[in-house]
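Enquirer: Dropping in entry-v1.cif, which is mmCIF, C-alpha atoms; chains and numbers go by the auth columns:
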```cif
data_start
#
loop_
_atom_site.group_PDB
_atom_site.id
_atom_site.type_symbol
_atom_site.label_atom_id
_atom_site.label_comp_id
_atom_site.label_asym_id
_atom_site.label_seq_id
_atom_site.Cartn_x
_atom_site.Cartn_y
_atom_site.Cartn_z
_atom_site.B_iso_or_equiv
_atom_site.auth_seq_id
_atom_site.auth_asym_id
ATOM 1 C CA MET A 1 -3.591 -18.802 9.670 0.00 29 N
ATOM 2 C CA SER A 2 -4.700 -16.351 12.351 0.00 30 N
ATOM 3 C CA LYS A 3 -4.632 -12.612 11.744 0.00 31 N
ATOM 4 C CA PRO A 4 -3.486 -10.868 14.918 0.00 32 N
ATOM 5 C CA CYS A 5 -3.535 -7.324 13.571 0.00 33 N
ATOM 6 C CA THR A 6 -6.938 -7.460 11.967 0.00 34 N
ATOM 7 C CA SER A 7 -8.831 -9.489 14.558 0.00 35 N
ATOM 8 C CA LYS A 8 -9.270 -6.400 16.713 0.00 36 N
ATOM 9 C CA LEU A 9 -10.480 -4.416 13.731 0.00 37 N
ATOM 10 C CA THR A 10 -13.101 -6.923 12.685 0.00 38 N
ATOM 11 C CA ALA A 11 -14.300 -7.286 16.260 0.00 39 N
ATOM 12 C CA ALA A 12 -15.025 -3.550 16.428 0.00 40 N
ATOM 13 C CA THR A 13 -16.272 -2.802 12.924 0.00 41 N
ATOM 14 C CA MET A 14 -15.977 -4.142 9.413 0.00 42 N
ATOM 15 C CA PRO A 15 -12.541 -3.184 8.039 0.00 43 N
ATOM 16 C CA SER A 16 -12.489 -0.208 5.670 0.00 44 N
ATOM 17 C CA GLU A 17 -11.227 -0.352 2.078 0.00 45 N
ATOM 18 C CA LEU A 18 -7.901 1.124 3.235 0.00 46 N
ATOM 19 C CA GLU A 19 -7.546 -1.394 6.078 0.00 47 N
ATOM 20 C CA ASN A 20 -8.298 -4.208 3.627 0.00 48 N
ATOM 21 C CA ALA A 21 -5.605 -2.874 1.278 0.00 49 N
ATOM 22 C CA MET A 22 -3.040 -2.801 4.095 0.00 50 N
ATOM 23 C CA GLU A 23 -3.986 -6.345 5.095 0.00 51 N
ATOM 24 C CA SER A 24 -3.557 -7.444 1.456 0.00 52 N
ATOM 25 C CA LEU A 25 0.006 -6.044 1.356 0.00 53 N
ATOM 26 C CA ILE A 26 0.912 -8.132 4.402 0.00 54 N
ATOM 27 C CA ASN A 27 -0.942 -11.251 3.232 0.00 55 N
ATOM 28 C CA VAL A 28 0.571 -11.203 -0.272 0.00 56 N
ATOM 29 C CA PHE A 29 4.104 -10.761 1.097 0.00 57 N
ATOM 30 C CA HIS A 30 3.733 -13.655 3.559 0.00 58 N
ATOM 31 C CA ARG A 31 2.133 -15.901 0.942 0.00 59 N
ATOM 32 C CA TYR A 32 5.533 -16.010 -0.827 0.00 60 N
ATOM 33 C CA ALA A 33 8.044 -15.204 1.965 0.00 61 N
ATOM 34 C CA SER A 34 9.717 -17.573 4.393 0.00 62 N
ATOM 35 C CA ASP A 35 11.244 -16.371 7.665 0.00 63 N
ATOM 36 C CA GLY A 36 9.965 -12.887 6.939 0.00 64 N
ATOM 37 C CA ASN A 37 11.978 -12.480 3.710 0.00 65 N
ATOM 38 C CA LEU A 38 11.683 -13.115 -0.014 0.00 66 N
ATOM 39 C CA ASN A 39 14.666 -14.743 -1.711 0.00 67 N
ATOM 40 C CA ARG A 40 15.211 -14.356 -5.462 0.00 68 N
ATOM 41 C CA ARG A 41 12.977 -17.327 -6.353 0.00 69 N
ATOM 42 C CA GLN A 42 10.175 -16.188 -4.035 0.00 70 N
ATOM 43 C CA LEU A 43 10.327 -12.619 -5.392 0.00 71 N
ATOM 44 C CA ARG A 44 10.043 -14.025 -8.919 0.00 72 N
ATOM 45 C CA GLU A 45 7.020 -16.137 -7.913 0.00 73 N
ATOM 46 C CA LEU A 46 5.352 -13.121 -6.291 0.00 74 N
ATOM 47 C CA MET A 47 6.017 -10.909 -9.335 0.00 75 N
ATOM 48 C CA GLU A 48 4.771 -13.545 -11.799 0.00 76 N
ATOM 49 C CA SER A 49 1.554 -14.140 -9.861 0.00 77 N
ATOM 50 C CA GLU A 50 0.748 -10.718 -8.440 0.00 78 N
ATOM 51 C CA LEU A 51 2.360 -8.235 -10.833 0.00 79 N
ATOM 52 C CA SER A 52 2.334 -10.167 -14.102 0.00 80 N
ATOM 53 C CA ASN A 53 1.142 -7.135 -16.090 0.00 81 N
ATOM 54 C CA PHE A 54 4.018 -5.042 -14.774 0.00 82 N
ATOM 55 C CA LEU A 55 6.472 -7.880 -15.431 0.00 83 N
ATOM 56 C CA LYS A 56 5.240 -8.253 -19.030 0.00 84 N
ATOM 57 C CA SER A 57 5.825 -4.539 -19.571 0.00 85 N
ATOM 58 C CA GLN A 58 9.513 -5.046 -18.674 0.00 86 N
ATOM 59 C CA LYS A 59 11.192 -6.170 -21.907 0.00 87 N
ATOM 60 C CA ASP A 60 14.404 -7.163 -20.108 0.00 88 N
ATOM 61 C CA PRO A 61 14.429 -10.878 -19.141 0.00 89 N
ATOM 62 C CA ALA A 62 16.689 -9.986 -16.195 0.00 90 N
ATOM 63 C CA ALA A 63 14.053 -7.553 -14.843 0.00 91 N
ATOM 64 C CA VAL A 64 13.429 -9.537 -11.641 0.00 92 N
ATOM 65 C CA ASP A 65 17.176 -9.833 -10.930 0.00 93 N
ATOM 66 C CA LYS A 66 17.614 -6.083 -11.396 0.00 94 N
ATOM 67 C CA LEU A 67 14.559 -5.415 -9.224 0.00 95 N
ATOM 68 C CA MET A 68 15.972 -7.689 -6.520 0.00 96 N
ATOM 69 C CA LYS A 69 19.197 -5.667 -6.538 0.00 97 N
ATOM 70 C CA ASP A 70 17.282 -2.369 -6.407 0.00 98 N
ATOM 71 C CA LEU A 71 14.915 -3.450 -3.620 0.00 99 N
ATOM 72 C CA ASP A 72 17.497 -5.161 -1.451 0.00 100 N
ATOM 73 C CA ALA A 73 18.499 -1.932 0.303 0.00 101 N
ATOM 74 C CA ASN A 74 20.586 -3.645 2.991 0.00 102 N
ATOM 75 C CA GLY A 75 22.315 -5.971 0.486 0.00 103 N
ATOM 76 C CA ASP A 76 21.609 -9.275 2.253 0.00 104 N
ATOM 77 C CA GLY A 77 20.276 -11.035 -0.875 0.00 105 N
ATOM 78 C CA LYS A 78 16.743 -11.024 0.570 0.00 106 N
ATOM 79 C CA VAL A 79 13.798 -8.651 0.335 0.00 107 N
ATOM 80 C CA ASN A 80 12.086 -7.901 3.654 0.00 108 N
ATOM 81 C CA PHE A 81 8.622 -6.371 4.092 0.00 109 N
ATOM 82 C CA GLU A 82 9.894 -2.785 4.225 0.00 110 N
ATOM 83 C CA GLU A 83 11.856 -3.317 0.993 0.00 111 N
ATOM 84 C CA PHE A 84 8.821 -4.984 -0.651 0.00 112 N
ATOM 85 C CA VAL A 85 6.560 -2.079 0.345 0.00 113 N
ATOM 86 C CA SER A 86 8.920 0.365 -1.386 0.00 114 N
ATOM 87 C CA LEU A 87 8.175 -1.460 -4.665 0.00 115 N
ATOM 88 C CA VAL A 88 4.418 -1.230 -4.075 0.00 116 N
ATOM 89 C CA VAL A 89 4.742 2.477 -3.240 0.00 117 N
ATOM 90 C CA GLY A 90 6.736 3.178 -6.407 0.00 118 N
ATOM 91 C CA LEU A 91 4.214 1.396 -8.604 0.00 119 N
ATOM 92 C CA SER A 92 1.256 3.046 -6.836 0.00 120 N
ATOM 93 C CA ILE A 93 2.747 6.528 -7.246 0.00 121 N
ATOM 94 C CA ALA A 94 3.452 5.876 -10.951 0.00 122 N
ATOM 95 C CA CYS A 95 -0.109 4.667 -11.443 0.00 123 N
ATOM 96 C CA GLU A 96 -1.557 7.600 -9.500 0.00 124 N
ATOM 97 C CA GLN A 97 0.346 10.059 -11.712 0.00 125 N
ATOM 98 C CA CYS A 98 -1.190 8.331 -14.736 0.00 126 N
ATOM 99 C CA TYR A 99 -4.614 8.665 -13.063 0.00 127 N
ATOM 100 C CA GLN A 100 -4.085 12.405 -12.414 0.00 128 N
ATOM 101 C CA ALA A 101 -2.889 13.008 -15.984 0.00 129 N
ATOM 102 C CA HIS A 102 -5.959 11.229 -17.332 0.00 130 N
ATOM 103 C CA MET A 103 -8.295 13.259 -15.092 0.00 131 N
ATOM 104 C CA LYS A 104 -6.694 16.548 -16.207 0.00 132 N
ATOM 105 C CA LYS A 105 -6.961 15.496 -19.853 0.00 133 N
ATOM 106 C CA SER A 106 -10.605 14.551 -19.521 0.00 134 N
ATOM 107 C CA GLY A 107 -11.311 17.786 -17.589 0.00 135 N
ATOM 108 C CA LYS A 108 -12.609 16.123 -14.423 0.00 136 N
ATOM 109 C CA LYS A 109 -11.821 17.461 -10.907 0.00 137 N
ATOM 110 C CA MET B 1 -15.396 7.460 -12.995 0.00 28 E
ATOM 111 C CA SER B 2 -13.089 5.733 -15.461 0.00 29 E
ATOM 112 C CA LYS B 3 -9.997 3.864 -14.313 0.00 30 E
ATOM 113 C CA PRO B 4 -7.203 4.490 -16.812 0.00 31 E
ATOM 114 C CA CYS B 5 -4.486 2.525 -14.994 0.00 32 E
ATOM 115 C CA THR B 6 -6.501 -0.576 -14.342 0.00 33 E
ATOM 116 C CA SER B 7 -8.468 -0.823 -17.586 0.00 34 E
ATOM 117 C CA LYS B 8 -5.497 -2.442 -19.298 0.00 35 E
ATOM 118 C CA LEU B 9 -5.113 -4.894 -16.426 0.00 36 E
ATOM 119 C CA THR B 10 -8.723 -6.025 -16.443 0.00 37 E
ATOM 120 C CA ALA B 11 -8.712 -6.365 -20.202 0.00 38 E
ATOM 121 C CA ALA B 12 -5.786 -8.802 -19.985 0.00 39 E
ATOM 122 C CA THR B 13 -6.553 -10.732 -16.796 0.00 40 E
ATOM 123 C CA MET B 14 -8.436 -10.298 -13.560 0.00 41 E
ATOM 124 C CA PRO B 15 -6.408 -8.012 -11.258 0.00 42 E
ATOM 125 C CA SER B 16 -4.420 -9.772 -8.535 0.00 43 E
ATOM 126 C CA GLU B 17 -4.868 -9.136 -4.803 0.00 44 E
ATOM 127 C CA LEU B 18 -1.808 -6.840 -4.868 0.00 45 E
ATOM 128 C CA GLU B 19 -3.104 -4.885 -7.886 0.00 46 E
ATOM 129 C CA ASN B 20 -6.463 -4.493 -6.134 0.00 47 E
ATOM 130 C CA ALA B 21 -4.689 -3.189 -3.020 0.00 48 E
ATOM 131 C CA MET B 22 -2.775 -0.610 -5.076 0.00 49 E
ATOM 132 C CA GLU B 23 -5.983 0.482 -6.785 0.00 50 E
ATOM 133 C CA SER B 24 -7.647 0.853 -3.366 0.00 51 E
ATOM 134 C CA LEU B 25 -4.872 3.204 -2.162 0.00 52 E
ATOM 135 C CA ILE B 26 -5.496 5.454 -5.172 0.00 53 E
ATOM 136 C CA ASN B 27 -9.298 5.234 -4.957 0.00 54 E
ATOM 137 C CA VAL B 28 -9.441 5.980 -1.220 0.00 55 E
ATOM 138 C CA PHE B 29 -7.132 9.002 -1.594 0.00 56 E
ATOM 139 C CA HIS B 30 -9.177 10.464 -4.459 0.00 57 E
ATOM 140 C CA ARG B 31 -12.460 9.825 -2.670 0.00 58 E
ATOM 141 C CA TYR B 32 -11.450 12.535 -0.149 0.00 59 E
ATOM 142 C CA ALA B 33 -8.953 14.693 -2.084 0.00 60 E
ATOM 143 C CA SER B 34 -9.622 17.646 -4.338 0.00 61 E
ATOM 144 C CA ASP B 35 -7.104 18.854 -6.940 0.00 62 E
ATOM 145 C CA GLY B 36 -4.880 15.918 -6.042 0.00 63 E
ATOM 146 C CA ASN B 37 -4.411 16.970 -2.402 0.00 64 E
ATOM 147 C CA LEU B 38 -5.992 16.494 1.003 0.00 65 E
ATOM 148 C CA ASN B 39 -6.456 19.598 3.119 0.00 66 E
ATOM 149 C CA ARG B 40 -6.804 19.328 6.911 0.00 67 E
ATOM 150 C CA ARG B 41 -10.578 18.737 6.779 0.00 68 E
ATOM 151 C CA GLN B 42 -10.303 16.124 4.037 0.00 69 E
ATOM 152 C CA LEU B 43 -7.511 14.293 5.893 0.00 70 E
ATOM 153 C CA ARG B 44 -9.706 14.222 8.999 0.00 71 E
ATOM 154 C CA GLU B 45 -12.632 12.828 6.991 0.00 72 E
ATOM 155 C CA LEU B 46 -10.400 10.144 5.462 0.00 73 E
ATOM 156 C CA MET B 47 -8.948 9.171 8.851 0.00 74 E
ATOM 157 C CA GLU B 48 -12.377 9.058 10.526 0.00 75 E
ATOM 158 C CA SER B 49 -13.864 6.873 7.796 0.00 76 E
ATOM 159 C CA GLU B 50 -10.952 4.700 6.727 0.00 77 E
ATOM 160 C CA LEU B 51 -8.685 4.506 9.786 0.00 78 E
ATOM 161 C CA SER B 52 -11.160 4.959 12.628 0.00 79 E
ATOM 162 C CA ASN B 53 -9.569 2.146 14.677 0.00 80 E
ATOM 163 C CA PHE B 54 -6.155 3.783 14.416 0.00 81 E
ATOM 164 C CA LEU B 55 -7.640 7.182 15.252 0.00 82 E
ATOM 165 C CA LYS B 56 -9.399 5.779 18.347 0.00 83 E
ATOM 166 C CA SER B 57 -6.074 4.362 19.539 0.00 84 E
ATOM 167 C CA GLN B 58 -4.617 7.905 19.502 0.00 85 E
ATOM 168 C CA LYS B 59 -5.635 9.436 22.850 0.00 86 E
ATOM 169 C CA ASP B 60 -4.587 12.940 21.772 0.00 87 E
ATOM 170 C CA PRO B 61 -7.532 14.941 20.329 0.00 88 E
ATOM 171 C CA ALA B 62 -5.017 16.865 18.185 0.00 89 E
ATOM 172 C CA ALA B 63 -3.802 13.598 16.585 0.00 90 E
ATOM 173 C CA VAL B 64 -5.002 14.521 13.081 0.00 91 E
ATOM 174 C CA ASP B 65 -3.391 17.972 13.294 0.00 92 E
ATOM 175 C CA LYS B 66 -0.085 16.436 14.365 0.00 93 E
ATOM 176 C CA LEU B 67 -0.357 13.810 11.647 0.00 94 E
ATOM 177 C CA MET B 68 -1.011 16.543 9.073 0.00 95 E
ATOM 178 C CA LYS B 69 2.182 18.296 10.185 0.00 96 E
ATOM 179 C CA ASP B 70 4.178 15.042 10.057 0.00 97 E
ATOM 180 C CA LEU B 71 2.869 13.970 6.646 0.00 98 E
ATOM 181 C CA ASP B 72 3.093 17.349 4.962 0.00 99 E
ATOM 182 C CA ALA B 73 6.739 16.858 3.996 0.00 100 E
ATOM 183 C CA ASN B 74 6.895 19.882 1.699 0.00 101 E
ATOM 184 C CA GLY B 75 5.058 22.143 4.188 0.00 102 E
ATOM 185 C CA ASP B 76 2.348 23.447 1.841 0.00 103 E
ATOM 186 C CA GLY B 77 -0.542 22.689 4.243 0.00 104 E
ATOM 187 C CA LYS B 78 -1.778 19.891 1.988 0.00 105 E
ATOM 188 C CA VAL B 79 -1.118 16.160 1.832 0.00 106 E
ATOM 189 C CA ASN B 80 -0.441 14.801 -1.662 0.00 107 E
ATOM 190 C CA PHE B 81 -0.588 11.144 -2.720 0.00 108 E
ATOM 191 C CA GLU B 82 3.096 10.468 -2.003 0.00 109 E
ATOM 192 C CA GLU B 83 2.724 11.948 1.493 0.00 110 E
ATOM 193 C CA PHE B 84 -0.471 9.941 2.068 0.00 111 E
ATOM 194 C CA VAL B 85 1.237 6.716 0.979 0.00 112 E
ATOM 195 C CA SER B 86 3.981 7.273 3.568 0.00 113 E
ATOM 196 C CA LEU B 87 1.281 7.054 6.274 0.00 114 E
ATOM 197 C CA VAL B 88 -0.078 3.812 4.817 0.00 115 E
ATOM 198 C CA VAL B 89 3.450 2.382 4.639 0.00 116 E
ATOM 199 C CA GLY B 90 4.198 3.285 8.253 0.00 117 E
ATOM 200 C CA LEU B 91 0.982 1.687 9.495 0.00 118 E
ATOM 201 C CA SER B 92 1.493 -1.407 7.322 0.00 119 E
ATOM 202 C CA ILE B 93 5.056 -1.908 8.586 0.00 120 E
ATOM 203 C CA ALA B 94 3.903 -1.525 12.203 0.00 121 E
ATOM 204 C CA CYS B 95 1.128 -4.039 11.618 0.00 122 E
ATOM 205 C CA GLU B 96 3.477 -6.455 9.835 0.00 123 E
ATOM 206 C CA GLN B 97 5.897 -6.347 12.784 0.00 124 E
ATOM 207 C CA CYS B 98 2.980 -7.260 15.052 0.00 125 E
ATOM 208 C CA TYR B 99 2.143 -10.125 12.657 0.00 126 E
ATOM 209 C CA GLN B 100 5.754 -11.397 12.691 0.00 127 E
ATOM 210 C CA ALA B 101 5.938 -11.206 16.492 0.00 128 E
ATOM 211 C CA HIS B 102 2.697 -13.158 16.772 0.00 129 E
ATOM 212 C CA MET B 103 3.958 -15.816 14.337 0.00 130 E
ATOM 213 C CA LYS B 104 7.223 -16.226 16.273 0.00 131 E
ATOM 214 C CA LYS B 105 5.331 -16.491 19.545 0.00 132 E
ATOM 215 C CA SER B 106 2.953 -19.107 18.181 0.00 133 E
ATOM 216 C CA GLY B 107 5.890 -21.006 16.607 0.00 134 E
ATOM 217 C CA LYS B 108 4.682 -20.740 13.018 0.00 135 E
ATOM 218 C CA LYS B 109 7.064 -20.011 10.079 0.00 136 E
#
```
Step by step, read the file and then write its structure as structure tokens.
Expert:
Amino acid sequence: MSKPCTSKLTAATMPSELENAMESLINVFHRYASDGNLNRRQLRELMESELSNFLKSQKDPAAVDKLMKDLDANGDGKVNFEEFVSLVVGLSIACEQCYQAHMKKSGKK
Amino acid sequence: MSKPCTSKLTAATMPSELENAMESLINVFHRYASDGNLNRRQLRELMESELSNFLKSQKDPAAVDKLMKDLDANGDGKVNFEEFVSLVVGLSIACEQCYQAHMKKSGKK
């Protein structure tokens, strides 16, 4: 699989940690998606493989179905990349708040 | 520096590619931020180190200043993690659209 967006980056310089992270978001999504979207089964596969710790923390067995409904902003029964990224953003912000709280508690920065 | 959010993940299983990407977003932000925010100078440092290819593509020498204004949603002269993530999301979505266009052109998926 060729990587059109990153080929220019690697030609110029080694990609940075942030560029690698952005590439990972795209790669992970397309590992599970078909035709640029995740259906319910593909979203479940992605969650089970890539966010298994988060999934385990959700006691509700219908967690993926509820997540699908929440993420599917345009109501077409599929999750596109923009909708997927909103999940990643939400989880990252929650985790960053936990990081900040820990740093305050331990008196760093 | 301890990693409160990821310590539980690594204790259970190796982090996934997506979990690593989320950790990178947090780590990169805090590498440049102080008190949980990026000021203008810190944003410039982050952009020059982590998004140098994007920055080079912006012909305008005031690109970072304009970006600061755009990102600083609450107008306090600082960029917090949520505001920073909105930049990463925008760039990722732009890059993913380029990826999709390339895939369509080359007849894959």
Enquirer: Could you write out as a PDB file with C-alpha atoms, in the frame of the given file the residues that the PyMOL selection byres ((chain N) within 6 of (chain E)) matches in the shown file?
Expert:
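As written to disk, expr-v4.pdb reads:
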```
ATOM      1  CA  SER N  44     -12.489  -0.208   5.670  1.00  0.00           C
ATOM      2  CA  LEU N  46      -7.901   1.124   3.235  1.00  0.00           C
ATOM      3  CA  ALA N  49      -5.605  -2.874   1.278  1.00  0.00           C
ATOM      4  CA  MET N  50      -3.040  -2.801   4.095  1.00  0.00           C
ATOM      5  CA  GLU N  78       0.748 -10.718  -8.440  1.00  0.00           C
ATOM      6  CA  SER N 120       1.256   3.046  -6.836  1.00  0.00           C
TER       7      SER N 120
END
```
Enquirer: Over every C-alpha pair, in sequence order, do a least-squares fit of chain E onto chain N and save the fitted chain as a PDB file with C-alpha atoms, in the frame of the given file.
Expert:
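The resulting file, selection_5.pdb, is shown below:
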```
ATOM      1  CA  MET E  28      -3.729 -18.780   9.752  1.00  0.00           C
ATOM      2  CA  SER E  29      -4.782 -16.309  12.430  1.00  0.00           C
ATOM      3  CA  LYS E  30      -4.713 -12.569  11.818  1.00  0.00           C
ATOM      4  CA  PRO E  31      -3.535 -10.840  14.991  1.00  0.00           C
ATOM      5  CA  CYS E  32      -3.552  -7.277  13.630  1.00  0.00           C
ATOM      6  CA  THR E  33      -6.960  -7.389  12.057  1.00  0.00           C
ATOM      7  CA  SER E  34      -8.856  -9.428  14.645  1.00  0.00           C
ATOM      8  CA  LYS E  35      -9.331  -6.330  16.780  1.00  0.00           C
ATOM      9  CA  LEU E  36     -10.556  -4.378  13.764  1.00  0.00           C
ATOM     10  CA  THR E  37     -13.155  -6.924  12.727  1.00  0.00           C
ATOM     11  CA  ALA E  38     -14.368  -7.294  16.282  1.00  0.00           C
ATOM     12  CA  ALA E  39     -15.091  -3.552  16.438  1.00  0.00           C
ATOM     13  CA  THR E  40     -16.307  -2.799  12.911  1.00  0.00           C
ATOM     14  CA  MET E  41     -15.985  -4.158   9.411  1.00  0.00           C
ATOM     15  CA  PRO E  42     -12.543  -3.206   8.038  1.00  0.00           C
ATOM     16  CA  SER E  43     -12.489  -0.238   5.660  1.00  0.00           C
ATOM     17  CA  GLU E  44     -11.226  -0.392   2.067  1.00  0.00           C
ATOM     18  CA  LEU E  45      -7.894   1.097   3.217  1.00  0.00           C
ATOM     19  CA  GLU E  46      -7.542  -1.415   6.076  1.00  0.00           C
ATOM     20  CA  ASN E  47      -8.284  -4.237   3.629  1.00  0.00           C
ATOM     21  CA  ALA E  48      -5.600  -2.902   1.271  1.00  0.00           C
ATOM     22  CA  MET E  49      -3.032  -2.825   4.089  1.00  0.00           C
ATOM     23  CA  GLU E  50      -3.958  -6.365   5.097  1.00  0.00           C
ATOM     24  CA  SER E  51      -3.545  -7.479   1.466  1.00  0.00           C
ATOM     25  CA  LEU E  52       0.018  -6.076   1.338  1.00  0.00           C
ATOM     26  CA  ILE E  53       0.927  -8.156   4.398  1.00  0.00           C
ATOM     27  CA  ASN E  54      -0.918 -11.281   3.225  1.00  0.00           C
ATOM     28  CA  VAL E  55       0.578 -11.227  -0.282  1.00  0.00           C
ATOM     29  CA  PHE E  56       4.119 -10.784   1.085  1.00  0.00           C
ATOM     30  CA  HIS E  57       3.749 -13.675   3.541  1.00  0.00           C
ATOM     31  CA  ARG E  58       2.165 -15.920   0.926  1.00  0.00           C
ATOM     32  CA  TYR E  59       5.566 -16.018  -0.845  1.00  0.00           C
ATOM     33  CA  ALA E  60       8.066 -15.216   1.938  1.00  0.00           C
ATOM     34  CA  SER E  61       9.745 -17.569   4.365  1.00  0.00           C
ATOM     35  CA  ASP E  62      11.273 -16.379   7.654  1.00  0.00           C
ATOM     36  CA  GLY E  63       9.974 -12.896   6.911  1.00  0.00           C
ATOM     37  CA  ASN E  64      11.985 -12.481   3.693  1.00  0.00           C
ATOM     38  CA  LEU E  65      11.704 -13.110  -0.028  1.00  0.00           C
ATOM     39  CA  ASN E  66      14.681 -14.726  -1.717  1.00  0.00           C
ATOM     40  CA  ARG E  67      15.227 -14.341  -5.475  1.00  0.00           C
ATOM     41  CA  ARG E  68      12.990 -17.310  -6.363  1.00  0.00           C
ATOM     42  CA  GLN E  69      10.195 -16.188  -4.050  1.00  0.00           C
ATOM     43  CA  LEU E  70      10.335 -12.621  -5.409  1.00  0.00           C
ATOM     44  CA  ARG E  71      10.052 -14.019  -8.936  1.00  0.00           C
ATOM     45  CA  GLU E  72       7.045 -16.139  -7.935  1.00  0.00           C
ATOM     46  CA  LEU E  73       5.368 -13.125  -6.313  1.00  0.00           C
ATOM     47  CA  MET E  74       6.020 -10.908  -9.345  1.00  0.00           C
ATOM     48  CA  GLU E  75       4.794 -13.553 -11.810  1.00  0.00           C
ATOM     49  CA  SER E  76       1.577 -14.153  -9.879  1.00  0.00           C
ATOM     50  CA  GLU E  77       0.757 -10.740  -8.456  1.00  0.00           C
ATOM     51  CA  LEU E  78       2.364  -8.253 -10.858  1.00  0.00           C
ATOM     52  CA  SER E  79       2.339 -10.188 -14.124  1.00  0.00           C
ATOM     53  CA  ASN E  80       1.144  -7.141 -16.107  1.00  0.00           C
ATOM     54  CA  PHE E  81       4.021  -5.052 -14.778  1.00  0.00           C
ATOM     55  CA  LEU E  82       6.477  -7.876 -15.448  1.00  0.00           C
ATOM     56  CA  LYS E  83       5.244  -8.247 -19.051  1.00  0.00           C
ATOM     57  CA  SER E  84       5.816  -4.522 -19.583  1.00  0.00           C
ATOM     58  CA  GLN E  85       9.504  -5.018 -18.671  1.00  0.00           C
ATOM     59  CA  LYS E  86      11.185  -6.157 -21.906  1.00  0.00           C
ATOM     60  CA  ASP E  87      14.400  -7.136 -20.104  1.00  0.00           C
ATOM     61  CA  PRO E  88      14.438 -10.858 -19.153  1.00  0.00           C
ATOM     62  CA  ALA E  89      16.693  -9.956 -16.199  1.00  0.00           C
ATOM     63  CA  ALA E  90      14.040  -7.540 -14.844  1.00  0.00           C
ATOM     64  CA  VAL E  91      13.430  -9.533 -11.647  1.00  0.00           C
ATOM     65  CA  ASP E  92      17.169  -9.815 -10.950  1.00  0.00           C
ATOM     66  CA  LYS E  93      17.601  -6.066 -11.388  1.00  0.00           C
ATOM     67  CA  LEU E  94      14.555  -5.404  -9.234  1.00  0.00           C
ATOM     68  CA  MET E  95      15.973  -7.683  -6.529  1.00  0.00           C
ATOM     69  CA  LYS E  96      19.188  -5.641  -6.554  1.00  0.00           C
ATOM     70  CA  ASP E  97      17.260  -2.347  -6.416  1.00  0.00           C
ATOM     71  CA  LEU E  98      14.911  -3.440  -3.626  1.00  0.00           C
ATOM     72  CA  ASP E  99      17.498  -5.153  -1.463  1.00  0.00           C
ATOM     73  CA  ALA E 100      18.478  -1.922   0.287  1.00  0.00           C
ATOM     74  CA  ASN E 101      20.579  -3.608   2.968  1.00  0.00           C
ATOM     75  CA  GLY E 102      22.307  -5.935   0.462  1.00  0.00           C
ATOM     76  CA  ASP E 103      21.630  -9.244   2.235  1.00  0.00           C
ATOM     77  CA  GLY E 104      20.271 -11.003  -0.888  1.00  0.00           C
ATOM     78  CA  LYS E 105      16.758 -11.018   0.560  1.00  0.00           C
ATOM     79  CA  VAL E 106      13.813  -8.640   0.327  1.00  0.00           C
ATOM     80  CA  ASN E 107      12.090  -7.899   3.643  1.00  0.00           C
ATOM     81  CA  PHE E 108       8.624  -6.381   4.086  1.00  0.00           C
ATOM     82  CA  GLU E 109       9.877  -2.782   4.206  1.00  0.00           C
ATOM     83  CA  GLU E 110      11.841  -3.320   0.981  1.00  0.00           C
ATOM     84  CA  PHE E 111       8.823  -4.993  -0.649  1.00  0.00           C
ATOM     85  CA  VAL E 112       6.554  -2.100   0.344  1.00  0.00           C
ATOM     86  CA  SER E 113       8.904   0.359  -1.381  1.00  0.00           C
ATOM     87  CA  LEU E 114       8.168  -1.459  -4.670  1.00  0.00           C
ATOM     88  CA  VAL E 115       4.414  -1.244  -4.082  1.00  0.00           C
ATOM     89  CA  VAL E 116       4.729   2.462  -3.252  1.00  0.00           C
ATOM     90  CA  GLY E 117       6.731   3.186  -6.400  1.00  0.00           C
ATOM     91  CA  LEU E 118       4.219   1.391  -8.614  1.00  0.00           C
ATOM     92  CA  SER E 119       1.257   3.034  -6.858  1.00  0.00           C
ATOM     93  CA  ILE E 120       2.741   6.524  -7.266  1.00  0.00           C
ATOM     94  CA  ALA E 121       3.442   5.871 -10.960  1.00  0.00           C
ATOM     95  CA  CYS E 122      -0.109   4.639 -11.449  1.00  0.00           C
ATOM     96  CA  GLU E 123      -1.566   7.584  -9.516  1.00  0.00           C
ATOM     97  CA  GLN E 124       0.342  10.038 -11.731  1.00  0.00           C
ATOM     98  CA  CYS E 125      -1.195   8.312 -14.755  1.00  0.00           C
ATOM     99  CA  TYR E 126      -4.621   8.653 -13.084  1.00  0.00           C
ATOM    100  CA  GLN E 127      -4.081  12.384 -12.414  1.00  0.00           C
ATOM    101  CA  ALA E 128      -2.898  13.001 -15.984  1.00  0.00           C
ATOM    102  CA  HIS E 129      -5.963  11.218 -17.334  1.00  0.00           C
ATOM    103  CA  MET E 130      -8.277  13.253 -15.079  1.00  0.00           C
ATOM    104  CA  LYS E 131      -6.684  16.539 -16.191  1.00  0.00           C
ATOM    105  CA  LYS E 132      -6.957  15.521 -19.830  1.00  0.00           C
ATOM    106  CA  SER E 133     -10.608  14.566 -19.490  1.00  0.00           C
ATOM    107  CA  GLY E 134     -11.305  17.792 -17.537  1.00  0.00           C
ATOM    108  CA  LYS E 135     -12.504  16.103 -14.356  1.00  0.00           C
ATOM    109  CA  LYS E 136     -11.531  17.362 -10.848  1.00  0.00           C
TER     110      LYS E 136
END
```
Enquirer: Can you list, as a PyMOL selection string, every protein, DNA or RNA residue that comes within 8 Å of Glu111 in chain N when you count only C-alpha atoms, leaving out same-chain residues fewer than 6 positions away?
Expert: chain N and resi 99-101
Enquirer: Could you tell me, as a ChimeraX atom specification, exactly which residues end up selected when the PyMOL selection byres ((chain N and resi 72) around 10) is applied to this structure?
Expert: /N:60,66-71,73-79,83,91-93,95-96
Enquirer: As an exercise, work out the distance from CA of Phe111 in chain E to CA of Leu115 in chain N in Å and give it to one decimal place.
Expert: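 So the two atoms, CA of Phe111 in chain E and CA of Leu115 in chain N, lie 15.8 Å apart.
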